[in-house]
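Structure file coords08.tsv; described as TSV, C-alpha atoms.
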```
chain	number	residue	atom	x	y	z
A	986	MET	CA	142.86	130.95	88.71
A	987	LEU	CA	140.30	131.53	91.53
A	988	ALA	CA	139.37	134.99	92.76
A	989	LEU	CA	137.00	135.67	95.66
A	990	VAL	CA	134.88	138.74	95.02
A	991	SER	CA	132.59	139.61	97.89
A	992	THR	CA	131.03	136.22	98.76
A	993	HIS	CA	131.39	134.46	95.39
A	994	TYR	CA	134.32	132.92	93.58
A	995	HIS	CA	135.24	133.83	90.01
A	996	PHE	CA	137.36	132.04	87.45
A	997	ARG	CA	140.19	134.27	86.29
A	998	ARG	CA	142.62	133.54	83.48
A	999	VAL	CA	145.06	135.81	81.72
A	1000	VAL	CA	144.75	135.86	77.94
A	1001	PRO	CA	148.13	135.37	76.19
A	1002	VAL	CA	149.42	138.65	74.81
A	1003	ALA	CA	149.43	137.42	71.21
A	1004	LEU	CA	145.76	136.44	71.44
A	1005	ARG	CA	144.42	139.57	73.12
A	1006	PRO	CA	143.59	141.36	69.84
A	1007	LEU	CA	141.43	138.40	68.83
A	1008	PHE	CA	139.38	138.34	72.04
A	1009	GLY	CA	139.59	142.01	72.90
A	1010	LYS	CA	140.37	141.03	76.49
A	1011	THR	CA	143.43	140.80	78.67
A	1012	GLU	CA	141.71	138.39	81.09
A	1013	PHE	CA	138.76	136.05	81.22
A	1014	TRP	CA	136.50	136.54	84.23
A	1015	ILE	CA	133.65	134.09	84.73
A	1016	SER	CA	131.46	134.13	87.84
A	1017	LEU	CA	131.11	130.71	89.46
A	1018	LYS	CA	128.25	131.94	91.69
A	1019	THR	CA	129.30	129.94	94.71
A	1020	GLY	CA	131.03	130.64	97.97
A	1021	ASN	CA	132.06	127.03	98.38
A	1022	LYS	CA	135.76	126.79	97.58
A	1023	SER	CA	135.71	123.07	96.77
A	1024	GLU	CA	132.88	123.51	94.26
A	1025	ALA	CA	134.57	126.59	92.80
A	1026	ARG	CA	137.84	124.72	92.38
A	1027	LEU	CA	136.16	121.93	90.39
A	1028	SER	CA	134.42	124.43	88.12
A	1029	ALA	CA	137.65	126.37	87.64
A	1030	MET	CA	139.53	123.23	86.62
A	1031	ALA	CA	136.91	122.50	83.95
A	1032	LEU	CA	137.01	126.09	82.68
A	1033	HIS	CA	140.81	126.05	82.60
A	1034	ALA	CA	140.73	122.99	80.34
A	1035	GLN	CA	138.13	124.56	78.05
A	1036	THR	CA	139.97	127.88	77.74
A	1037	SER	CA	143.21	126.02	77.02
A	1038	VAL	CA	141.51	124.36	74.07
A	1039	LEU	CA	140.18	127.77	73.02
A	1040	PHE	CA	143.68	129.28	73.09
A	1041	ARG	CA	145.05	126.44	70.95
A	1042	THR	CA	142.22	126.96	68.49
A	1043	ALA	CA	142.93	130.71	68.38
A	1044	ARG	CA	146.59	130.11	67.58
A	1045	THR	CA	145.73	128.01	64.52
A	1046	MET	CA	142.47	129.83	63.68
A	1047	THR	CA	141.16	126.44	62.61
A	1048	ASP	CA	138.16	124.54	63.92
A	1049	PRO	CA	139.66	121.26	65.26
A	1050	ALA	CA	136.35	119.42	64.85
A	1051	GLN	CA	135.60	120.42	61.26
A	1052	ASN	CA	139.12	121.40	60.19
A	1053	LYS	CA	138.00	124.68	58.65
A	1054	PRO	CA	139.26	128.27	59.07
A	1055	LEU	CA	137.78	130.41	61.86
A	1056	THR	CA	137.16	134.13	62.11
A	1057	LYS	CA	137.49	136.42	65.08
A	1058	ASP	CA	133.71	136.30	65.51
A	1059	ASP	CA	133.88	132.51	65.58
A	1060	LEU	CA	136.41	132.66	68.43
A	1061	LEU	CA	134.24	135.07	70.38
A	1062	ALA	CA	131.26	132.77	69.82
A	1063	LEU	CA	133.29	129.83	71.18
A	1064	TYR	CA	134.17	131.86	74.27
A	1065	GLU	CA	130.54	132.90	74.77
A	1066	ASP	CA	129.56	129.26	74.45
A	1067	ILE	CA	131.93	128.36	77.28
A	1068	VAL	CA	130.36	131.07	79.46
A	1069	LYS	CA	126.83	129.97	78.54
A	1070	LYS	CA	127.51	126.32	79.37
A	1071	GLN	CA	128.97	127.34	82.73
A	1072	GLU	CA	125.82	129.34	83.49
A	1073	GLU	CA	123.67	126.34	82.55
A	1074	ILE	CA	125.69	124.14	84.91
A	1075	ILE	CA	125.22	126.67	87.69
A	1076	GLU	CA	121.46	126.84	87.06
A	1077	ALA	CA	121.22	123.05	87.06
A	1078	ASN	CA	123.13	122.86	90.34
A	1079	GLU	CA	120.89	125.52	91.87
A	1080	ARG	CA	117.76	123.62	90.81
A	1081	LYS	CA	119.17	120.42	92.29
A	1082	ALA	CA	120.08	122.21	95.52
A	1083	ALA	CA	116.54	123.63	95.74
A	1084	GLN	CA	115.05	120.16	95.18
A	1085	ASP	CA	117.36	118.71	97.82
A	1086	ARG	CA	116.23	121.38	100.29
A	1087	LYS	CA	112.59	120.61	99.55
A	1088	LEU	CA	113.21	116.89	100.01
A	1089	GLU	CA	115.07	117.52	103.26
A	1090	HIS	CA	112.23	119.72	104.52
A	1091	TYR	CA	109.64	117.10	103.52
A	1092	THR	CA	111.62	114.31	105.20
A	1093	ALA	CA	111.98	116.36	108.39
A	1094	SER	CA	108.24	117.11	108.36
A	1095	MET	CA	107.40	113.43	107.99
A	1096	ASP	CA	109.77	112.55	110.84
A	1097	ARG	CA	108.08	115.13	113.07
A	1098	TYR	CA	104.68	113.76	112.09
A	1099	ARG	CA	105.70	110.20	112.95
A	1100	ASP	CA	107.10	111.39	116.29
A	1101	LEU	CA	103.81	113.17	116.97
A	1102	LEU	CA	101.84	110.00	116.29
A	1103	LYS	CA	104.13	108.01	118.59
A	1104	THR	CA	103.83	110.62	121.33
A	1105	ARG	CA	100.05	110.72	121.01
A	1106	ALA	CA	99.84	106.92	121.20
A	1107	PHE	CA	102.14	106.93	124.24
A	1108	LEU	CA	100.06	109.57	126.05
A	1109	THR	CA	96.84	107.68	125.38
A	1110	TYR	CA	98.30	104.39	126.55
A	1111	SER	CA	100.01	105.82	129.64
A	1112	THR	CA	96.87	107.75	130.63
A	1113	ASP	CA	94.85	104.55	130.54
A	1114	ALA	CA	97.55	102.78	132.56
A	1115	LEU	CA	97.50	105.49	135.22
A	1116	GLU	CA	93.75	105.23	135.46
A	1117	ARG	CA	93.95	101.46	135.95
A	1118	LEU	CA	96.56	101.87	138.66
A	1119	LYS	CA	94.38	104.46	140.36
A	1120	GLN	CA	91.44	102.06	140.31
A	1121	HIS	CA	93.55	99.32	141.91
A	1122	ILE	CA	94.52	101.64	144.75
A	1123	ILE	CA	90.91	102.73	145.24
A	1124	THR	CA	89.80	99.09	145.32
A	1125	LEU	CA	92.46	98.27	147.92
A	1126	ARG	CA	91.35	101.10	150.14
A	1127	GLN	CA	87.71	100.09	149.82
A	1128	ASP	CA	88.52	96.48	150.68
A	1129	MET	CA	90.45	97.61	153.73
A	1130	VAL	CA	87.57	99.84	154.85
A	1131	THR	CA	84.85	97.25	154.25
A	1132	GLY	CA	86.83	94.53	155.94
A	1133	LYS	CA	87.33	92.33	152.90
A	1134	ILE	CA	91.02	92.17	153.75
A	1135	GLN	CA	91.30	90.74	157.23
A	1136	ASP	CA	94.67	89.00	157.15
A	1137	LYS	CA	98.24	90.07	156.40
A	1138	ALA	CA	98.64	87.60	153.53
A	1139	SER	CA	95.76	89.13	151.58
A	1140	LEU	CA	97.07	92.62	152.23
A	1141	ALA	CA	100.54	91.57	151.10
A	1142	ARG	CA	99.17	90.12	147.85
A	1143	LYS	CA	97.22	93.25	147.07
A	1144	THR	CA	100.16	95.50	147.92
A	1145	GLU	CA	102.53	93.39	145.81
A	1146	GLU	CA	100.14	93.62	142.85
A	1147	ILE	CA	100.00	97.42	143.10
A	1148	GLU	CA	103.78	97.66	143.43
A	1149	ARG	CA	104.18	95.47	140.34
A	1150	LEU	CA	101.82	97.68	138.37
A	1151	HIS	CA	103.61	100.78	139.60
A	1152	GLU	CA	107.02	99.44	138.52
A	1153	THR	CA	105.60	98.59	135.11
A	1154	LEU	CA	104.25	102.10	134.76
A	1155	VAL	CA	107.59	103.62	135.76
A	1156	LYS	CA	109.36	101.55	133.10
A	1157	LEU	CA	106.77	102.66	130.59
A	1158	PHE	CA	107.51	106.32	131.28
A	1159	GLN	CA	111.24	105.70	131.15
A	1160	THR	CA	110.79	104.14	127.71
A	1161	GLY	CA	108.62	107.04	126.56
A	1162	PRO	CA	107.13	107.32	123.07
A	1163	ALA	CA	109.85	105.00	121.72
A	1164	PHE	CA	107.75	102.01	122.82
A	1165	SER	CA	105.96	102.37	119.51
A	1166	GLN	CA	108.17	101.38	116.59
A	1167	ALA	CA	105.80	102.79	113.98
A	1168	PRO	CA	102.68	104.97	113.82
A	1169	GLY	CA	99.72	102.98	115.05
A	1170	ALA	CA	101.88	100.17	116.40
A	1171	VAL	CA	100.36	98.09	119.18
A	1172	PRO	CA	102.19	98.61	122.50
A	1173	PRO	CA	104.09	95.61	123.83
A	1174	PRO	CA	102.28	93.38	126.30
A	1175	HIS	CA	102.23	94.79	129.79
A	1176	PRO	CA	100.47	93.86	132.98
A	1177	LEU	CA	98.85	97.26	132.56
A	1178	ALA	CA	97.84	96.54	128.98
A	1179	SER	CA	94.77	94.62	130.04
A	1180	PRO	CA	91.64	96.41	128.83
A	1181	HIS	CA	90.11	95.96	132.28
A	1182	PRO	CA	91.68	96.47	135.69
A	1183	LEU	CA	93.00	93.30	137.22
A	1184	ARG	CA	90.63	92.08	139.92
A	1185	LEU	CA	91.95	89.85	142.67
A	1186	GLN	CA	89.55	87.54	144.40
A	1187	PRO	CA	89.04	88.86	147.93
A	1188	SER	CA	90.30	86.49	150.53
A	1189	HIS	CA	87.72	85.02	152.84
A	1190	PRO	CA	88.13	85.55	156.55
A	1191	PRO	CA	89.37	82.47	158.34
A	1192	HIS	CA	86.68	80.26	159.82
A	1193	ALA	CA	86.17	80.69	163.48
```

Please render this file's structure as structure tokens.
Amino acid sequence: MLALVSTHYHFRRVVPVALRPLFGKTEFWISLKTGNKSEARLSAMALHAQTSVLFRTARTMTDPAQNKPLTKDDLLALYEDIVKKQEEIIEANERKAAQDRKLEHYTASMDRYRDLLKTRAFLTYSTDALERLKQHIITLRQDMVTGKIQDKASLARKTEEIERLHETLVKLFQTGPAFSQAPGAVPPPHPLASPHPLRLQPSHPPHA
């Protein structure tokens, strides 16, 4: 019923001996133009049913639909019609497969584009966050040099603030571009999300 020739399956059916003079063939061979066995099996089952009807028609030499006598040429035309319809099915399947491939390629391209937008948004946001953290550290150093921080409590508050910002930034990088659920989405609120660096009021030195 199925024959694999090179990389494609073919439908093969032996013509009954008594009917061979009518068709001029000992076998029917119809290319299924597929290497997928499951698809080939379905096509072969349909062709087997159609050729069975053709053999019954050939035995009576009567058109079952119009109940009129048939000639040998009519039988050959019926066989050619079976082959033609099979080719049309194959062409339709090939067109659908090509459309599916185009759709899959388009979908993959759109997914890559959305990922690119998310990555770009993440890089912009994280770069700004790094710059704000850098400015906090610079400010701390300047305050220590200029003497604005003269007690341990003030130093502890400043250090705690920088550590908090650093932890937030680490979490941000661990999350990565996934922090944006859609292109152009606004990042979730963060201590680092403030448009301006956080400024702590410098502590005043204790009164003498």

**Request:** Measuring atom to atom with only C-alpha atoms, identify which of A:His1151, A:Arg1099, A:Tyr1091, A:His1033 is nearest to A:Arg1117.
**Result:** A:His1151

If I wrap all listed atoms of stretch 1115-1127 of chain A in a box with edges along x, y and z and add 6 Å on each side, what are its centre and edge lengths in Å to one decimal, as lines of an AutoDock Vina configuration file?
```
center_x = 92.6
center_y = 101.9
center_z = 142.7
size_x = 21.8
size_y = 19.2
size_z = 26.9
```

**Message:** Show me, as a ChimeraX atom specification, the residues that have an atom within 12 Å of A:Lys1070 when counting only C-alpha atoms, minus same-chain residues fewer than 2 positions from it.
**Reply:** /A:1015,1017,1028,1031-1032,1035,1063-1068,1072-1077

Taking C-alpha atoms for each residue, export the selection above as a compact mmCIF listing (two decimals), keeping the file's coordinate frame.
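Saved result, selection.txt, follows:
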```txt
# COMPACT_ATOMS: atom_id res chain seq x y z
CA ILE A 1015 133.65 134.09 84.73
CA LEU A 1017 131.11 130.71 89.46
CA SER A 1028 134.42 124.43 88.12
CA ALA A 1031 136.91 122.50 83.95
CA LEU A 1032 137.01 126.09 82.68
CA GLN A 1035 138.13 124.56 78.05
CA LEU A 1063 133.29 129.83 71.18
CA TYR A 1064 134.17 131.86 74.27
CA GLU A 1065 130.54 132.90 74.77
CA ASP A 1066 129.56 129.26 74.45
CA ILE A 1067 131.93 128.36 77.28
CA VAL A 1068 130.36 131.07 79.46
CA GLU A 1072 125.82 129.34 83.49
CA GLU A 1073 123.67 126.34 82.55
CA ILE A 1074 125.69 124.14 84.91
CA ILE A 1075 125.22 126.67 87.69
CA GLU A 1076 121.46 126.84 87.06
CA ALA A 1077 121.22 123.05 87.06
```

**Request:** Using atom CA of A:Tyr1110 and atom CA of A:Asp1128 as the two end points, give the distance in Å to one decimal.
**Result:** 27.2 Å

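Ranking A:Leu1060, A:Ile1122, A:Leu989, A:Ala1106 by their shortest atom-to-atom distance to A:Thr1019, with all atoms listed in the file included, puts A:Leu989 first.
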
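Here atom CA of A:Leu1007 is placed at a distance of 20.0 Å from atom CA of A:Ala1050.
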
**Prompt:** By how many Å are atom CA of A:Glu1024 and atom CA of A:Phe1008 apart?
**Reply:** 27.5 Å

If we count only C-alpha atoms, what is near A:Thr1011 at a cut-off of 8 Å, once residues fewer than 3 positions away on the same chain are taken out, given as a PDB file with C-alpha atoms, in the coordinates of the input?
```
ATOM      1  CA  VAL A 999     145.060 135.810  81.720  1.00  0.00           C
ATOM      2  CA  VAL A1000     144.750 135.860  77.940  1.00  0.00           C
ATOM      3  CA  PRO A1001     148.130 135.370  76.190  1.00  0.00           C
ATOM      4  CA  VAL A1002     149.420 138.650  74.810  1.00  0.00           C
ATOM      5  CA  ARG A1005     144.420 139.570  73.120  1.00  0.00           C
TER       6      ARG A1005
END
```

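Among the candidates A:Glu1012, A:Leu1088, A:Thr1124, A:Arg1080, the one nearest to A:Lys1143 when counting all atoms listed in the file is A:Thr1124.
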
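Using only C-alpha atoms, the nearest neighbour of A:Thr1042 within the list A:Leu1061, A:Val990, A:Ala1029, A:Leu1102 is A:Leu1061.
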
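Shortest atom-to-atom contact with A:Ser1023 among A:Leu987, A:His1121, A:Thr1109, A:Asp1059: A:Leu987, counting all atoms listed in the file.
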